[in-house]
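Beneath this line is the structure, given in structure tokens, with notes to follow.
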Amino acid sequence: MDIELAQCFIAVDDTDKALTFYRDALGLEVRNDVGWEGMRWVTLGAPSQNVEVVLEPPLADPGASEADRRAASELLAKGMLRGVNFRTDDVDATFEKIRSAGGEVLQEPMDQPYGVRDCAFRDPAGNMIRFNSAARK
């Protein structure tokens, strides 16, 4: 039995701002853009992979209470929801591309003791997005 990752979800409060970051700054391609019950999901992916990132509302449940929606939005605003880690062949070049596109830098490229070189940004919704590759030797 083979299992592989198909999609991961990232909560965003402004889909158009998030789309600009993930499509234009990161270079992901839009694969789907759908709306339902007043919500919107945008699916993106790297041209070379089948794995997709889905941008979704902070609480994508039409039956959720207003208090739950408010709580999810507050957690997102604080940057308390988990983000995504991407792998790249060149952390430094990726860092410069995203920084020059206006990405909010959380961590400049550095070698980590656990064997990767990585950097981090905050997306427009406040999620931490990390990029890593093998550490330089």
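Ligands are numbered from 1 in the order shown, residues from 1 within each chain, and chains are lettered A, B, ... in the order they appear in the structure tokens.
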
Note to self: So that I can check the surroundings of region 19-33 of chain A, please list as a list of chain:residue names every protein, DNA and RNA residue that reaches within 8 Å of it, counting only C-alpha atoms and ignoring chain neighbours fewer than 6 positions away.
What the structure shows: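 The contact residues come out as A:Arg40, A:Trp41, A:Val42, A:Thr43, A:Leu44, A:Gly45, A:Ala46, A:Pro47, A:Lys97, A:Ile98, A:Ala101, A:Gly103, A:Asp123, A:Pro124.
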
Could you write out the selected residues, including N, CA and C atoms, as a compact mmCIF listing (two decimals), in the first residue's frame?
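File produced: out_38.txt:
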# COMPACT_ATOMS: atom_id res chain seq x y z
N ARG A 40 -14.06 30.70 0.21
CA ARG A 40 -13.26 30.50 -1.00
C ARG A 40 -12.04 29.65 -0.68
N TRP A 41 -11.77 28.70 -1.56
CA TRP A 41 -10.58 27.87 -1.46
C TRP A 41 -9.77 28.03 -2.75
N VAL A 42 -8.47 28.27 -2.61
CA VAL A 42 -7.58 28.35 -3.77
C VAL A 42 -6.52 27.28 -3.58
N THR A 43 -6.41 26.42 -4.58
CA THR A 43 -5.44 25.32 -4.55
C THR A 43 -4.27 25.69 -5.45
N LEU A 44 -3.05 25.56 -4.90
CA LEU A 44 -1.84 25.88 -5.63
C LEU A 44 -0.84 24.73 -5.49
N GLY A 45 0.13 24.69 -6.39
CA GLY A 45 1.18 23.69 -6.28
C GLY A 45 2.38 24.05 -7.11
N ALA A 46 3.49 23.42 -6.77
CA ALA A 46 4.70 23.59 -7.58
C ALA A 46 4.51 22.79 -8.87
N PRO A 47 4.92 23.35 -10.00
CA PRO A 47 4.72 22.65 -11.27
C PRO A 47 5.30 21.23 -11.28
N LYS A 97 14.66 35.98 -3.45
CA LYS A 97 13.50 36.15 -4.33
C LYS A 97 12.28 36.58 -3.52
N ILE A 98 12.03 35.90 -2.40
CA ILE A 98 10.84 36.20 -1.61
C ILE A 98 10.99 37.55 -0.89
N ALA A 101 10.37 40.33 -3.20
CA ALA A 101 8.94 40.44 -3.55
C ALA A 101 8.13 41.02 -2.40
N GLY A 103 8.29 39.84 0.94
CA GLY A 103 7.99 38.90 2.01
C GLY A 103 8.50 39.39 3.36
N ASP A 123 3.58 34.84 6.01
CA ASP A 123 2.71 35.15 4.87
C ASP A 123 1.77 36.29 5.25
N PRO A 124 1.00 36.83 4.31
CA PRO A 124 0.14 37.98 4.62
C PRO A 124 -0.88 37.73 5.74

Next item on the list: Taking the chain letters and numbering used in this document, name the residues of chain A that DSSP puts in strand (DSSP E), as number ranges by chain.
Entry: A: 7-11, 29-36, 39-45, 52-56, 84-87, 104-111, 116-122, 128-134

Note to self: Under the rule that only C-alpha atoms are counted, which of A:Val116, A:Ala72, A:Ile3, A:Val12 is the nearest residue to Arg87 (chain A)?
What the structure shows: A:Val116

Next item on the list: Choose the residue, out of A:Leu76, A:Ala71, A:Ala120, A:Met110, that has the smallest atom-to-atom separation from Asp14 (chain A); count only C-alpha atoms.
Entry: A:Leu76

Next item on the list: Rank nothing, just name the residue among A:Ser100, A:Gln112, A:Asn127, A:Thr15 nearest to Met39 (chain A), using only C-alpha atoms.
Entry: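 Closest to Met39 (chain A) of all the choices is A:Thr15.
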
Next item on the list: Could you find all residues in chain A that DSSP calls helix (DSSP H, G or I) from the backbone, and write them as JSON, numbers by chain?
Entry: {"A": [15, 16, 17, 18, 19, 20, 21, 22, 23, 24, 25, 66, 67, 68, 69, 70, 71, 72, 73, 74, 75, 76, 77, 91, 92, 93, 94, 95, 96, 97, 98, 99, 100]}

Residues just named, written with C-alpha atoms as a short mmCIF file (atom, residue, chain, number, x, y, z; two decimals), in the first residue's frame:
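Output file result_31.cif follows:
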data_model
loop_
_atom_site.label_atom_id
_atom_site.label_comp_id
_atom_site.auth_asym_id
_atom_site.auth_seq_id
_atom_site.Cartn_x
_atom_site.Cartn_y
_atom_site.Cartn_z
CA THR A 15 -7.39 35.15 -0.11
CA ASP A 16 -6.31 37.72 -2.69
CA LYS A 17 -3.33 38.90 -0.59
CA ALA A 18 -2.37 35.29 0.15
CA LEU A 19 -2.69 34.39 -3.52
CA THR A 20 -0.30 37.19 -4.46
CA PHE A 21 2.25 35.83 -1.97
CA TYR A 22 1.97 32.12 -2.84
CA ARG A 23 1.56 32.55 -6.60
CA ASP A 24 3.72 35.59 -7.34
CA ALA A 25 6.42 35.54 -4.65
CA GLU A 66 -19.70 33.05 15.31
CA ALA A 67 -17.69 32.65 18.54
CA ASP A 68 -15.65 29.81 16.98
CA ARG A 69 -15.06 31.85 13.82
CA ARG A 70 -13.89 34.79 15.90
CA ALA A 71 -11.57 32.54 17.97
CA ALA A 72 -10.01 31.02 14.82
CA SER A 73 -9.52 34.49 13.30
CA GLU A 74 -7.87 35.73 16.50
CA LEU A 75 -5.45 32.78 16.54
CA LEU A 76 -4.59 33.44 12.90
CA ALA A 77 -4.00 37.14 13.60
CA VAL A 91 17.75 28.52 0.34
CA ASP A 92 19.73 31.70 -0.22
CA ALA A 93 18.35 32.33 -3.71
CA THR A 94 14.82 31.49 -2.53
CA PHE A 95 15.24 33.88 0.39
CA GLU A 96 16.36 36.74 -1.87
CA LYS A 97 13.50 36.15 -4.33
CA ILE A 98 10.84 36.20 -1.61
CA ARG A 99 12.41 39.11 0.28
CA SER A 100 12.65 41.18 -2.91
#

Check: In Å, how far is it from CA of Ser133 (chain A) to CA of Glu104 (chain A)?
Finding: 20.0 Å

Notebook entry, point to check: CA of Asn132 (chain A) and CA of Pro58 (chain A), how far apart in Å?
Noted result: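 Between CA of Pro58 (chain A) and CA of Asn132 (chain A) the gap is 25.9 Å.
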
Notebook entry, point to check: Quick one: of A:Asp2, A:Gly83, A:Gly63, A:Asp90, who's nearest to Met128 (chain A), counting only C-alpha atoms?
Noted result: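 For Met128 (chain A), the nearest of the given residues is A:Gly83.
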
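What separates CA of Val53 (chain A) from CA of Pro109 (chain A) is a distance of 23.1 Å.
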